[in-house]
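Shown next, in structure tokens, is the structure this report addresses.
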Amino acid sequence: ADARLPELPLVPPVGRVRPADGPGRADGLPTLDDLLASRPRPASGPAELGWRAVVRRASGGLLSLPPGPEEQQVRESVAAVQRRLDGPRTVVVINPKGGAHKTTATLLLAATFGSHRGGSALAWDNNETRGTLGWRSEHGAHQRTAVDLLDDLHRFEDPTSARVGDLDAYVRSQSAQFDVLASDEDAASAASIDAFAFRSLHRTLQRFYRVMVVDTGNNMRASNWQAAIEAADQVVVVSTVREDTSQSAAWALDALRAAGKEDVVRRAVTVLSDPATRRDAALHQRLHDHFGRLTRVVLDVPYDPSLVSGGPLDVDALSRQTREAWLHVAAAVADGL
């Protein structure tokens, strides 16, 4: 029951269809896939951002310019996030140091996938005991957590009777069209999530969510941390542009490689977050060079004052630059799913 789903090939870009496996290929005759691939690509539409959009509106549509490079990149990232997945996918966010923006990254990735895919995204706090994901999210009508769901998993054993709406008693719906599963918040509780508990929860949750973004704790030796890595379809290593958090991220990747998970590291996405308005350019370049040699891609996200307070995530308060940066991160993650 704990076996991993087989790793599936990447979904091809729009306009390209994988060769069919059916008999039509064997005899050289065209198949439905060939017919679908021959369709013209839909028009991208006129520019909706920047000065090109201003010109279009000012001319009453007489001058309709195509989107510029920046807007085109945004559209391509949206298309990547919205691409069809062949099954549920699990994204695991790591850095064994507190203050590395793991929780922020988990929330923003889940919010980006949820808003552009119309829901079916979960941000899940996989701390052994207590994490802060629940505190950083919009509070719901209940305070139940992963521990409560674990206790009641028998309610979801029968797939013919269990419904996604039944999860509302355990997850907290967010306005950005994703759900949050918090870790234990009872100060008097002795409950702890181990590998068995994680696998049990994961087996149930993947029946209801297309994309699960898992926030991890700081103990890489914990069995639930290890179980999350085993379940990951994509690992995201996050760090601020600081010596301490970046060294912790590098150490985590070294540990994964030493444990025989070179492929996990090679396919990982690195996210570097600016901790202040001014960036240490020399350190930033060092980190790009280091993580660029280890992981598939390294992406930057800007400092955003609306995140400094540590309160519940308010997507509408984020700057356009921040939202677009995390959209590009989510697109890179989707490329690995």
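Every chain in the structure tokens takes a letter, A first, then B, and so on in the order presented; its residues are numbered from 1, and the ligands are numbered from 1 following the presented order.
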
Selection near Leu107 of chain A, 8 Å with only C-alpha atoms, sequence-local residues under 3 positions removed, as a PyMOL selection string: chain A and resi 103-104+110-111+123+133+137+313

Write a file of the just-selected residues containing all heavy atoms, as a short mmCIF file (atom, residue, chain, number, x, y, z; two decimals), in the first residue's frame.
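Contents of the output file selection.cif:
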```cif
data_model
loop_
_atom_site.label_atom_id
_atom_site.label_comp_id
_atom_site.auth_asym_id
_atom_site.auth_seq_id
_atom_site.Cartn_x
_atom_site.Cartn_y
_atom_site.Cartn_z
N THR A 103 7.56 27.94 4.93
CA THR A 103 6.11 28.08 5.08
C THR A 103 5.56 29.09 4.09
O THR A 103 4.50 28.87 3.48
CB THR A 103 5.77 28.48 6.52
OG1 THR A 103 6.22 27.44 7.41
CG2 THR A 103 4.27 28.67 6.70
N THR A 104 6.27 30.19 3.91
CA THR A 104 5.84 31.19 2.92
C THR A 104 5.79 30.57 1.54
O THR A 104 4.83 30.76 0.78
CB THR A 104 6.80 32.39 2.92
OG1 THR A 104 6.79 33.00 4.22
CG2 THR A 104 6.39 33.42 1.88
N ALA A 110 0.94 26.79 -3.15
CA ALA A 110 -0.42 26.25 -3.12
C ALA A 110 -1.43 27.28 -3.63
O ALA A 110 -2.36 26.95 -4.36
CB ALA A 110 -0.78 25.79 -1.71
N ALA A 111 -1.24 28.55 -3.24
CA ALA A 111 -2.14 29.61 -3.70
C ALA A 111 -2.05 29.79 -5.21
O ALA A 111 -3.07 29.98 -5.89
CB ALA A 111 -1.81 30.92 -2.99
N ALA A 123 -2.08 22.91 0.88
CA ALA A 123 -0.85 23.22 1.60
C ALA A 123 -0.90 22.43 2.90
O ALA A 123 -1.82 22.59 3.70
CB ALA A 123 -0.75 24.72 1.89
N LEU A 133 2.26 26.71 9.73
CA LEU A 133 1.45 26.89 8.53
C LEU A 133 0.02 27.30 8.87
O LEU A 133 -0.57 28.17 8.22
CB LEU A 133 1.45 25.60 7.70
CG LEU A 133 0.77 25.68 6.34
CD1 LEU A 133 1.55 26.59 5.40
CD2 LEU A 133 0.64 24.29 5.72
N SER A 137 -2.06 30.98 7.76
CA SER A 137 -3.17 30.88 6.82
C SER A 137 -4.42 31.53 7.40
O SER A 137 -4.46 31.88 8.59
CB SER A 137 -3.46 29.41 6.49
OG SER A 137 -3.84 28.71 7.67
N LEU A 313 -1.49 34.86 5.23
CA LEU A 313 -1.18 35.26 3.86
C LEU A 313 -2.35 36.01 3.24
O LEU A 313 -3.49 35.54 3.26
CB LEU A 313 -0.85 34.03 3.02
CG LEU A 313 -0.66 34.27 1.52
CD1 LEU A 313 0.60 35.09 1.27
CD2 LEU A 313 -0.60 32.94 0.77
#
```

Minimum-distance residue to Ala282 of chain A, chosen among A:Arg130, A:Arg296, A:Arg242, A:Lys261 (using only C-alpha atoms):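 Ranking A:Arg130, A:Arg296, A:Arg242, A:Lys261 by distance to Ala282 of chain A, first place goes to A:Arg242.
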
Residue with smallest distance to Leu272 of chain A - pool A:Ser115, A:Ser246, A:Ser38, A:Asn218, counting only C-alpha atoms: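 Ranked by minimum distance to Leu272 of chain A, first place goes to A:Ser246.
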
Where in segment 99-231 of chain A does DSSP assign helix (DSSP H, G or I), given as a tab-separated table (two decimals) with all heavy atoms, in the first residue's frame?
```tsv
chain	number	residue	atom	x	y	z
A	102	LYS	N	10.27	28.50	4.21
A	102	LYS	CA	9.58	27.28	3.77
A	102	LYS	C	8.07	27.45	3.81
A	102	LYS	O	7.37	27.08	2.86
A	102	LYS	CB	9.97	26.08	4.66
A	102	LYS	CG	11.36	25.57	4.50
A	102	LYS	CD	11.53	24.22	5.18
A	102	LYS	CE	11.23	24.24	6.66
A	102	LYS	NZ	12.22	25.01	7.44
A	103	THR	N	7.56	27.94	4.93
A	103	THR	CA	6.11	28.08	5.08
A	103	THR	C	5.56	29.09	4.09
A	103	THR	O	4.50	28.87	3.48
A	103	THR	CB	5.77	28.48	6.52
A	103	THR	OG1	6.22	27.44	7.41
A	103	THR	CG2	4.27	28.67	6.70
A	104	THR	N	6.27	30.19	3.91
A	104	THR	CA	5.84	31.19	2.92
A	104	THR	C	5.79	30.57	1.54
A	104	THR	O	4.83	30.76	0.78
A	104	THR	CB	6.80	32.39	2.92
A	104	THR	OG1	6.79	33.00	4.22
A	104	THR	CG2	6.39	33.42	1.88
A	105	ALA	N	6.83	29.81	1.19
A	105	ALA	CA	6.88	29.18	-0.12
A	105	ALA	C	5.75	28.18	-0.29
A	105	ALA	O	5.11	28.10	-1.35
A	105	ALA	CB	8.23	28.49	-0.32
A	106	THR	N	5.47	27.40	0.76
A	106	THR	CA	4.40	26.41	0.69
A	106	THR	C	3.06	27.08	0.42
A	106	THR	O	2.28	26.65	-0.45
A	106	THR	CB	4.33	25.61	2.00
A	106	THR	OG1	5.58	24.95	2.21
A	106	THR	CG2	3.22	24.59	1.96
A	107	LEU	N	2.77	28.15	1.16
A	107	LEU	CA	1.51	28.85	0.98
A	107	LEU	C	1.41	29.49	-0.40
A	107	LEU	O	0.36	29.39	-1.07
A	107	LEU	CB	1.36	29.92	2.06
A	107	LEU	CG	1.04	29.42	3.47
A	107	LEU	CD1	1.21	30.54	4.49
A	107	LEU	CD2	-0.38	28.86	3.53
A	108	LEU	N	2.47	30.13	-0.85
A	108	LEU	CA	2.41	30.83	-2.13
A	108	LEU	C	2.35	29.86	-3.30
A	108	LEU	O	1.68	30.13	-4.31
A	108	LEU	CB	3.60	31.77	-2.27
A	108	LEU	CG	3.51	33.02	-1.38
A	108	LEU	CD1	4.82	33.80	-1.40
A	108	LEU	CD2	2.37	33.92	-1.83
A	109	LEU	N	3.01	28.73	-3.20
A	109	LEU	CA	2.90	27.73	-4.26
A	109	LEU	C	1.49	27.15	-4.31
A	109	LEU	O	0.90	27.02	-5.39
A	109	LEU	CB	3.92	26.62	-4.05
A	109	LEU	CG	5.35	26.92	-4.49
A	109	LEU	CD1	6.29	25.81	-4.04
A	109	LEU	CD2	5.42	27.08	-6.01
A	110	ALA	N	0.94	26.79	-3.15
A	110	ALA	CA	-0.42	26.25	-3.12
A	110	ALA	C	-1.43	27.28	-3.63
A	110	ALA	O	-2.36	26.95	-4.36
A	110	ALA	CB	-0.78	25.79	-1.71
A	111	ALA	N	-1.24	28.55	-3.24
A	111	ALA	CA	-2.14	29.61	-3.70
A	111	ALA	C	-2.05	29.79	-5.21
A	111	ALA	O	-3.07	29.98	-5.89
A	111	ALA	CB	-1.81	30.92	-2.99
A	112	THR	N	-0.84	29.72	-5.75
A	112	THR	CA	-0.67	29.91	-7.20
A	112	THR	C	-1.28	28.74	-7.97
A	112	THR	O	-2.01	28.95	-8.95
A	112	THR	CB	0.82	30.04	-7.54
A	112	THR	OG1	1.39	31.12	-6.80
A	112	THR	CG2	1.02	30.31	-9.02
A	113	PHE	N	-1.02	27.51	-7.54
A	113	PHE	CA	-1.63	26.36	-8.20
A	113	PHE	C	-3.15	26.41	-8.04
A	113	PHE	O	-3.89	26.16	-9.00
A	113	PHE	CB	-1.08	25.05	-7.62
A	113	PHE	CG	0.20	24.60	-8.24
A	113	PHE	CD1	1.40	24.73	-7.56
A	113	PHE	CD2	0.22	24.05	-9.51
A	113	PHE	CE1	2.60	24.31	-8.12
A	113	PHE	CE2	1.41	23.63	-10.09
A	113	PHE	CZ	2.60	23.76	-9.40
A	114	GLY	N	-3.63	26.73	-6.85
A	114	GLY	CA	-5.06	26.74	-6.63
A	114	GLY	C	-5.78	27.79	-7.45
A	114	GLY	O	-6.82	27.51	-8.05
A	115	SER	N	-5.23	29.00	-7.51
A	115	SER	CA	-5.92	30.08	-8.21
A	115	SER	C	-5.93	29.87	-9.72
A	115	SER	O	-6.91	30.21	-10.39
A	115	SER	CB	-5.28	31.43	-7.87
A	115	SER	OG	-3.91	31.46	-8.27
A	116	HIS	N	-4.87	29.29	-10.26
A	116	HIS	CA	-4.80	29.11	-11.71
A	116	HIS	C	-5.37	27.77	-12.18
A	116	HIS	O	-5.66	27.61	-13.37
A	116	HIS	CB	-3.35	29.24	-12.20
A	116	HIS	CG	-2.84	30.64	-12.15
A	116	HIS	ND1	-3.26	31.64	-13.02
A	116	HIS	CD2	-1.94	31.25	-11.33
A	116	HIS	CE1	-2.65	32.77	-12.74
A	116	HIS	NE2	-1.85	32.56	-11.72
A	117	ARG	N	-5.55	26.83	-11.25
A	117	ARG	CA	-6.14	25.55	-11.62
A	117	ARG	C	-7.57	25.40	-11.11
A	117	ARG	O	-8.20	24.36	-11.32
A	117	ARG	CB	-5.28	24.39	-11.08
A	117	ARG	CG	-3.90	24.31	-11.69
A	117	ARG	CD	-3.12	23.12	-11.12
A	117	ARG	NE	-3.75	21.87	-11.48
A	117	ARG	CZ	-3.49	21.20	-12.60
A	117	ARG	NH1	-2.59	21.66	-13.46
A	117	ARG	NH2	-4.10	20.07	-12.86
A	146	ALA	N	-3.98	17.91	11.27
A	146	ALA	CA	-3.62	16.62	10.71
A	146	ALA	C	-3.80	15.49	11.72
A	146	ALA	O	-4.13	14.36	11.34
A	146	ALA	CB	-2.17	16.66	10.21
A	147	VAL	N	-3.59	15.78	12.99
A	147	VAL	CA	-3.76	14.77	14.03
A	147	VAL	C	-5.22	14.32	14.12
A	147	VAL	O	-5.52	13.13	14.24
A	147	VAL	CB	-3.28	15.30	15.39
A	147	VAL	CG1	-3.61	14.32	16.51
A	147	VAL	CG2	-1.78	15.56	15.35
A	148	ASP	N	-6.14	15.27	14.02
A	148	ASP	CA	-7.56	14.92	14.05
A	148	ASP	C	-7.95	14.11	12.82
A	148	ASP	O	-8.71	13.14	12.93
A	148	ASP	CB	-8.41	16.20	14.12
A	148	ASP	CG	-8.14	17.01	15.37
A	148	ASP	OD1	-8.46	16.52	16.46
A	148	ASP	OD2	-7.59	18.11	15.24
A	149	LEU	N	-7.44	14.51	11.66
A	149	LEU	CA	-7.74	13.76	10.44
A	149	LEU	C	-7.18	12.34	10.55
A	149	LEU	O	-7.84	11.37	10.14
A	149	LEU	CB	-7.15	14.47	9.23
A	149	LEU	CG	-7.33	13.76	7.88
A	149	LEU	CD1	-8.81	13.51	7.57
A	149	LEU	CD2	-6.70	14.57	6.75
A	150	LEU	N	-5.99	12.21	11.09
A	150	LEU	CA	-5.39	10.89	11.25
A	150	LEU	C	-6.26	10.00	12.14
A	150	LEU	O	-6.46	8.81	11.85
A	150	LEU	CB	-3.99	11.03	11.84
A	150	LEU	CG	-3.15	9.76	11.96
A	150	LEU	CD1	-2.85	9.19	10.59
A	150	LEU	CD2	-1.86	10.05	12.72
A	151	ASP	N	-6.79	10.58	13.20
A	151	ASP	CA	-7.65	9.82	14.10
A	151	ASP	C	-8.94	9.36	13.42
A	151	ASP	O	-9.53	8.33	13.81
A	151	ASP	CB	-8.01	10.65	15.33
A	151	ASP	CG	-6.82	10.86	16.26
A	151	ASP	OD1	-5.86	10.07	16.17
A	151	ASP	OD2	-6.85	11.82	17.06
A	153	LEU	N	-9.35	8.79	10.01
A	153	LEU	CA	-9.14	8.31	8.63
A	153	LEU	C	-10.09	7.18	8.25
A	153	LEU	O	-10.34	6.95	7.05
A	153	LEU	CB	-7.69	7.87	8.43
A	153	LEU	CG	-6.68	8.94	8.05
A	153	LEU	CD1	-5.31	8.33	7.80
A	153	LEU	CD2	-7.14	9.73	6.83
A	154	HIS	N	-10.60	6.47	9.25
A	154	HIS	CA	-11.53	5.38	8.94
A	154	HIS	C	-12.77	5.89	8.20
A	154	HIS	O	-13.42	5.13	7.48
A	154	HIS	CB	-11.95	4.66	10.23
A	154	HIS	CG	-12.66	5.56	11.20
A	154	HIS	ND1	-11.98	6.35	12.11
A	154	HIS	CD2	-13.99	5.80	11.40
A	154	HIS	CE1	-12.86	7.03	12.84
A	154	HIS	NE2	-14.08	6.72	12.43
A	155	ARG	N	-13.08	7.17	8.38
A	155	ARG	CA	-14.24	7.75	7.68
A	155	ARG	C	-14.03	7.78	6.17
A	155	ARG	O	-15.00	7.89	5.41
A	155	ARG	CB	-14.50	9.18	8.17
A	155	ARG	CG	-14.95	9.30	9.61
A	155	ARG	CD	-15.26	10.75	9.94
A	155	ARG	NE	-16.20	11.35	8.99
A	155	ARG	CZ	-16.46	12.66	8.91
A	155	ARG	NH1	-15.85	13.50	9.73
A	155	ARG	NH2	-17.32	13.11	8.02
A	156	PHE	N	-12.77	7.71	5.75
A	156	PHE	CA	-12.46	7.86	4.32
A	156	PHE	C	-11.98	6.56	3.70
A	156	PHE	O	-11.50	6.55	2.56
A	156	PHE	CB	-11.39	8.94	4.15
A	156	PHE	CG	-11.81	10.28	4.68
A	156	PHE	CD1	-11.55	10.64	6.00
A	156	PHE	CD2	-12.47	11.19	3.87
A	156	PHE	CE1	-11.94	11.87	6.50
A	156	PHE	CE2	-12.87	12.42	4.36
A	156	PHE	CZ	-12.61	12.77	5.67
A	164	VAL	N	-15.20	14.67	-0.99
A	164	VAL	CA	-14.23	15.72	-0.72
A	164	VAL	C	-14.79	16.72	0.29
A	164	VAL	O	-14.05	17.30	1.09
A	164	VAL	CB	-13.82	16.43	-2.03
A	164	VAL	CG1	-15.00	17.17	-2.66
A	164	VAL	CG2	-12.65	17.37	-1.79
A	165	GLY	N	-16.11	16.92	0.29
A	165	GLY	CA	-16.71	17.84	1.24
A	165	GLY	C	-16.54	17.41	2.68
A	165	GLY	O	-16.56	18.24	3.60
A	166	ASP	N	-16.34	16.09	2.88
A	166	ASP	CA	-16.13	15.60	4.25
A	166	ASP	C	-14.83	16.11	4.84
A	166	ASP	O	-14.66	16.16	6.06
A	166	ASP	CB	-16.14	14.07	4.26
A	166	ASP	CG	-17.48	13.48	3.84
A	166	ASP	OD1	-18.51	14.16	4.07
A	166	ASP	OD2	-17.51	12.37	3.30
A	167	LEU	N	-13.87	16.48	3.97
A	167	LEU	CA	-12.59	17.00	4.44
A	167	LEU	C	-12.71	18.40	5.01
A	167	LEU	O	-11.78	18.87	5.68
A	167	LEU	CB	-11.57	17.00	3.30
A	167	LEU	CG	-10.92	15.66	2.95
A	167	LEU	CD1	-10.07	15.81	1.70
A	167	LEU	CD2	-10.08	15.14	4.11
A	168	ASP	N	-13.82	19.08	4.74
A	168	ASP	CA	-13.97	20.45	5.24
A	168	ASP	C	-13.90	20.53	6.76
A	168	ASP	O	-13.62	21.59	7.32
A	168	ASP	CB	-15.29	21.05	4.75
A	168	ASP	CG	-15.25	21.40	3.28
A	168	ASP	OD1	-14.14	21.37	2.70
A	168	ASP	OD2	-16.31	21.70	2.69
A	169	ALA	N	-14.14	19.40	7.41
A	169	ALA	CA	-14.09	19.39	8.87
A	169	ALA	C	-12.66	19.33	9.39
A	169	ALA	O	-12.44	19.45	10.60
A	169	ALA	CB	-14.89	18.21	9.41
A	195	ALA	N	6.43	8.40	10.07
A	195	ALA	CA	6.35	8.00	8.67
A	195	ALA	C	5.05	7.27	8.37
A	195	ALA	O	4.42	7.50	7.32
A	195	ALA	CB	7.55	7.11	8.33
A	196	PHE	N	4.63	6.39	9.26
A	196	PHE	CA	3.38	5.66	9.04
A	196	PHE	C	2.20	6.62	8.95
A	196	PHE	O	1.33	6.48	8.09
A	196	PHE	CB	3.15	4.65	10.15
A	196	PHE	CG	1.87	3.87	10.01
A	196	PHE	CD1	1.79	2.78	9.17
A	196	PHE	CD2	0.73	4.24	10.73
A	196	PHE	CE1	0.60	2.07	9.02
A	196	PHE	CE2	-0.45	3.55	10.58
A	196	PHE	CZ	-0.52	2.45	9.74
A	197	ALA	N	2.17	7.61	9.85
A	197	ALA	CA	1.09	8.58	9.84
A	197	ALA	C	1.11	9.40	8.55
A	197	ALA	O	0.06	9.64	7.94
A	197	ALA	CB	1.21	9.51	11.04
A	198	PHE	N	2.30	9.82	8.12
A	198	PHE	CA	2.38	10.60	6.88
A	198	PHE	C	1.86	9.78	5.71
A	198	PHE	O	1.08	10.28	4.89
A	198	PHE	CB	3.82	11.04	6.60
A	198	PHE	CG	3.97	11.73	5.27
A	198	PHE	CD1	3.72	13.09	5.14
A	198	PHE	CD2	4.31	11.01	4.14
A	198	PHE	CE1	3.82	13.72	3.90
A	198	PHE	CE2	4.42	11.63	2.89
A	198	PHE	CZ	4.17	12.99	2.78
A	199	ARG	N	2.31	8.55	5.60
A	199	ARG	CA	1.89	7.72	4.46
A	199	ARG	C	0.39	7.47	4.48
A	199	ARG	O	-0.25	7.47	3.42
A	199	ARG	CB	2.66	6.41	4.46
A	199	ARG	CG	4.16	6.57	4.23
A	199	ARG	CD	4.84	5.21	4.13
A	199	ARG	NE	6.30	5.38	4.02
A	199	ARG	CZ	7.16	4.91	4.90
A	199	ARG	NH1	6.74	4.26	5.97
A	199	ARG	NH2	8.46	5.09	4.71
A	200	SER	N	-0.16	7.29	5.65
A	200	SER	CA	-1.61	7.07	5.76
A	200	SER	C	-2.38	8.30	5.31
A	200	SER	O	-3.36	8.21	4.56
A	200	SER	CB	-1.98	6.70	7.20
A	200	SER	OG	-1.34	5.52	7.61
A	201	LEU	N	-1.95	9.47	5.79
A	201	LEU	CA	-2.59	10.72	5.38
A	201	LEU	C	-2.42	10.95	3.88
A	201	LEU	O	-3.37	11.33	3.18
A	201	LEU	CB	-2.00	11.89	6.17
A	201	LEU	CG	-2.36	11.96	7.65
A	201	LEU	CD1	-1.45	12.96	8.37
A	201	LEU	CD2	-3.83	12.35	7.83
A	202	HIS	N	-1.21	10.74	3.39
A	202	HIS	CA	-0.92	10.99	1.98
A	202	HIS	C	-1.77	10.08	1.09
A	202	HIS	O	-2.30	10.52	0.06
A	202	HIS	CB	0.57	10.75	1.71
A	202	HIS	CG	1.00	11.09	0.32
A	202	HIS	ND1	1.15	10.14	-0.67
A	202	HIS	CD2	1.31	12.28	-0.26
A	202	HIS	CE1	1.54	10.72	-1.80
A	202	HIS	NE2	1.63	12.02	-1.58
A	203	ARG	N	-1.91	8.82	1.47
A	203	ARG	CA	-2.69	7.87	0.68
A	203	ARG	C	-4.15	8.34	0.56
A	203	ARG	O	-4.78	8.17	-0.49
A	203	ARG	CB	-2.60	6.50	1.34
A	203	ARG	CG	-3.05	5.35	0.48
A	203	ARG	CD	-2.50	4.02	0.98
A	203	ARG	NE	-2.61	3.88	2.43
A	203	ARG	CZ	-1.56	3.72	3.23
A	203	ARG	NH1	-0.33	3.69	2.75
A	203	ARG	NH2	-1.73	3.58	4.54
A	204	THR	N	-4.68	8.92	1.63
A	204	THR	CA	-6.06	9.41	1.59
A	204	THR	C	-6.17	10.74	0.85
A	204	THR	O	-7.04	10.92	-0.01
A	204	THR	CB	-6.60	9.56	3.02
A	204	THR	OG1	-6.67	8.27	3.64
A	204	THR	CG2	-7.99	10.19	3.01
A	205	LEU	N	-5.29	11.67	1.16
A	205	LEU	CA	-5.40	13.02	0.59
A	205	LEU	C	-5.19	13.03	-0.91
A	205	LEU	O	-5.78	13.86	-1.61
A	205	LEU	CB	-4.39	13.94	1.28
A	205	LEU	CG	-4.70	14.26	2.74
A	205	LEU	CD1	-3.50	14.92	3.41
A	205	LEU	CD2	-5.93	15.16	2.84
A	223	SER	N	11.30	10.53	10.73
A	223	SER	CA	10.76	9.57	9.76
A	223	SER	C	9.71	10.19	8.86
A	223	SER	O	9.59	9.82	7.69
A	223	SER	CB	10.17	8.36	10.51
A	223	SER	OG	9.06	8.75	11.30
A	224	ASN	N	8.93	11.15	9.37
A	224	ASN	CA	7.92	11.78	8.51
A	224	ASN	C	8.56	12.68	7.46
A	224	ASN	O	8.04	12.84	6.36
A	224	ASN	CB	6.91	12.57	9.35
A	224	ASN	CG	7.51	13.77	10.05
A	224	ASN	OD1	8.59	13.68	10.63
A	224	ASN	ND2	6.84	14.92	9.98
A	225	TRP	N	9.74	13.28	7.80
A	225	TRP	CA	10.50	14.07	6.81
A	225	TRP	C	10.97	13.15	5.69
A	225	TRP	O	10.82	13.45	4.50
A	225	TRP	CB	11.67	14.74	7.50
A	225	TRP	CG	12.31	15.88	6.75
A	225	TRP	CD1	12.13	17.21	6.99
A	225	TRP	CD2	13.25	15.79	5.67
A	225	TRP	NE1	12.89	17.96	6.10
A	225	TRP	CE2	13.59	17.11	5.28
A	225	TRP	CE3	13.81	14.73	4.97
A	225	TRP	CZ2	14.47	17.40	4.25
A	225	TRP	CZ3	14.70	15.00	3.92
A	225	TRP	CH2	15.02	16.33	3.57
A	226	GLN	N	11.53	12.00	6.07
A	226	GLN	CA	12.01	11.04	5.09
A	226	GLN	C	10.87	10.50	4.22
A	226	GLN	O	11.02	10.32	3.01
A	226	GLN	CB	12.73	9.88	5.80
A	226	GLN	CG	13.95	10.30	6.58
A	226	GLN	CD	15.13	10.63	5.68
A	226	GLN	OE1	15.17	10.23	4.52
A	226	GLN	NE2	16.09	11.36	6.22
A	227	ALA	N	9.72	10.26	4.86
A	227	ALA	CA	8.58	9.74	4.10
A	227	ALA	C	8.09	10.76	3.08
A	227	ALA	O	7.66	10.39	1.97
A	227	ALA	CB	7.45	9.37	5.06
A	228	ALA	N	8.14	12.05	3.42
A	228	ALA	CA	7.73	13.09	2.47
A	228	ALA	C	8.65	13.11	1.25
A	228	ALA	O	8.18	13.25	0.11
A	228	ALA	CB	7.72	14.46	3.15
A	229	ILE	N	9.95	12.95	1.48
A	229	ILE	CA	10.89	12.92	0.36
A	229	ILE	C	10.60	11.72	-0.55
A	229	ILE	O	10.65	11.82	-1.78
A	229	ILE	CB	12.34	12.87	0.87
A	229	ILE	CG1	12.70	14.19	1.57
A	229	ILE	CG2	13.32	12.60	-0.27
A	229	ILE	CD1	12.73	15.40	0.64
A	230	GLU	N	10.29	10.58	0.07
A	230	GLU	CA	9.97	9.39	-0.73
A	230	GLU	C	8.72	9.60	-1.58
A	230	GLU	O	8.61	9.05	-2.67
A	230	GLU	CB	9.79	8.18	0.20
A	230	GLU	CG	11.05	7.73	0.91
A	230	GLU	CD	12.13	7.26	-0.06
A	230	GLU	OE1	11.77	6.76	-1.15
A	230	GLU	OE2	13.32	7.39	0.27
A	231	ALA	N	7.78	10.39	-1.07
A	231	ALA	CA	6.52	10.62	-1.80
A	231	ALA	C	6.62	11.76	-2.81
A	231	ALA	O	5.71	11.95	-3.62
A	231	ALA	CB	5.40	10.93	-0.80
```

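The list of residues with at least one atom within 9 Å of Ala331 of chain A, based on only C-alpha atoms and without residues fewer than 4 positions apart in the same chain, reads Glu76, Ser77, Val78, Ala79, Ala80, Val81, Gln82, Trp326, Leu327, Asp335 and Gly336 of chain A.
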
Near-Asp184 of chain A list (12 Å; only C-alpha atoms; drop same-chain fewer than 5 positions) as a list in words: Trp124, Asp125, Asn126, Asn127, Glu128, Thr129, Arg130, Gly131, Thr132, Leu133, Gly134, Trp135, Gln143, Arg144, Thr145, Ala146, Val147, Asp148, Leu149, Leu150, Tyr170, Ser189, Ala190, Ala191, Ser192 and Ile193 of chain A

Å distance separating atom CA of Asp34 of chain A from atom CA of Arg75 of chain A, one decimal place: 25.5 Å

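Going from atom CA of Asp300 of chain A over to atom CA of Asp244 of chain A, you cover 17.5 Å.
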
Distance in Å - atom CA of Met220 of chain A versus atom CA of Pro302 of chain A: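 These two atoms are separated by 27.3 Å.
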
Spatial neighbours of segment 249-256 of chain A, max dist 8 Å, only C-alpha atoms, sep filter under 3 positions, as a list in words: Ile94, Asn95, Pro96, Lys97, Met220, Val237, Val238, Ser239, Thr245, Ser246, Ala259, Gly260, Lys261, Glu262, Val264, Val265 and Phe291 of chain A

For Thr240 of chain A: contacts at 6 Å, only C-alpha atoms, fewer than 6 positions along chain excluded, given as a list in words: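 Selected residues are Ala100, Leu272, Ser273, Asp274 and Pro275 of chain A.
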
Minimum-distance residue to Glu324 of chain A, chosen among A:Asp289, A:Val301, A:His142, A:Ala276 (using only C-alpha atoms): A:Val301

Nearest to Ala232 of chain A, chosen from A:Ser248, A:Thr277, A:Gln285, A:Thr216, with only C-alpha atoms counted in the distances: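 Checking each candidate against Ala232 of chain A, we get A:Thr216 as the closest.
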
Contacts of Ser173 of chain A within 10 Å, only C-alpha atoms, excl. fewer than 3 positions in-chain, as a list of chain:residue names: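 With the cut-off at 10 Å, the set is A:Gly119, A:Leu122, A:Ser137, A:Glu138, A:His139, A:Gly140, A:Ala141, A:Asp168, A:Tyr170, A:Ala176, A:Gln177, A:Phe178, A:Asp179, A:Val180, A:Leu181.
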
Backbone DSSP call of strand (DSSP E) for segment 107-178 of chain A, listed as an mmCIF file with N, CA and C atoms, in the first residue's frame:
```
data_model
loop_
_atom_site.group_PDB
_atom_site.id
_atom_site.type_symbol
_atom_site.label_atom_id
_atom_site.label_comp_id
_atom_site.auth_asym_id
_atom_site.auth_seq_id
_atom_site.Cartn_x
_atom_site.Cartn_y
_atom_site.Cartn_z
ATOM 1 N N ALA A 121 -5.939 22.133 -4.688
ATOM 2 C CA ALA A 121 -4.572 22.264 -4.197
ATOM 3 C C ALA A 121 -4.599 22.309 -2.672
ATOM 4 N N LEU A 122 -3.579 21.698 -2.061
ATOM 5 C CA LEU A 122 -3.503 21.622 -0.610
ATOM 6 C C LEU A 122 -2.127 22.056 -0.146
ATOM 7 N N ALA A 123 -2.084 22.910 0.882
ATOM 8 C CA ALA A 123 -0.850 23.224 1.603
ATOM 9 C C ALA A 123 -0.899 22.431 2.901
ATOM 10 N N TRP A 124 0.109 21.581 3.122
ATOM 11 C CA TRP A 124 0.072 20.598 4.200
ATOM 12 C C TRP A 124 1.299 20.781 5.083
ATOM 13 N N ASP A 125 1.069 21.007 6.377
ATOM 14 C CA ASP A 125 2.154 21.173 7.336
ATOM 15 C C ASP A 125 2.551 19.809 7.885
ATOM 16 N N ASN A 126 3.689 19.291 7.423
ATOM 17 C CA ASN A 126 4.143 17.965 7.828
ATOM 18 C C ASN A 126 5.219 18.056 8.905
ATOM 19 N N ARG A 172 -8.671 23.796 6.120
ATOM 20 C CA ARG A 172 -9.144 25.176 6.214
ATOM 21 C C ARG A 172 -9.107 25.803 4.823
ATOM 22 N N SER A 173 -10.279 26.091 4.308
ATOM 23 C CA SER A 173 -10.379 26.668 2.968
ATOM 24 C C SER A 173 -9.854 28.093 2.974
ATOM 25 N N GLN A 174 -9.110 28.431 1.902
ATOM 26 C CA GLN A 174 -8.516 29.754 1.766
ATOM 27 C C GLN A 174 -9.156 30.493 0.589
ATOM 28 N N PHE A 178 -7.354 27.344 -2.320
ATOM 29 C CA PHE A 178 -6.623 26.162 -1.894
ATOM 30 C C PHE A 178 -6.986 25.894 -0.443
#
```
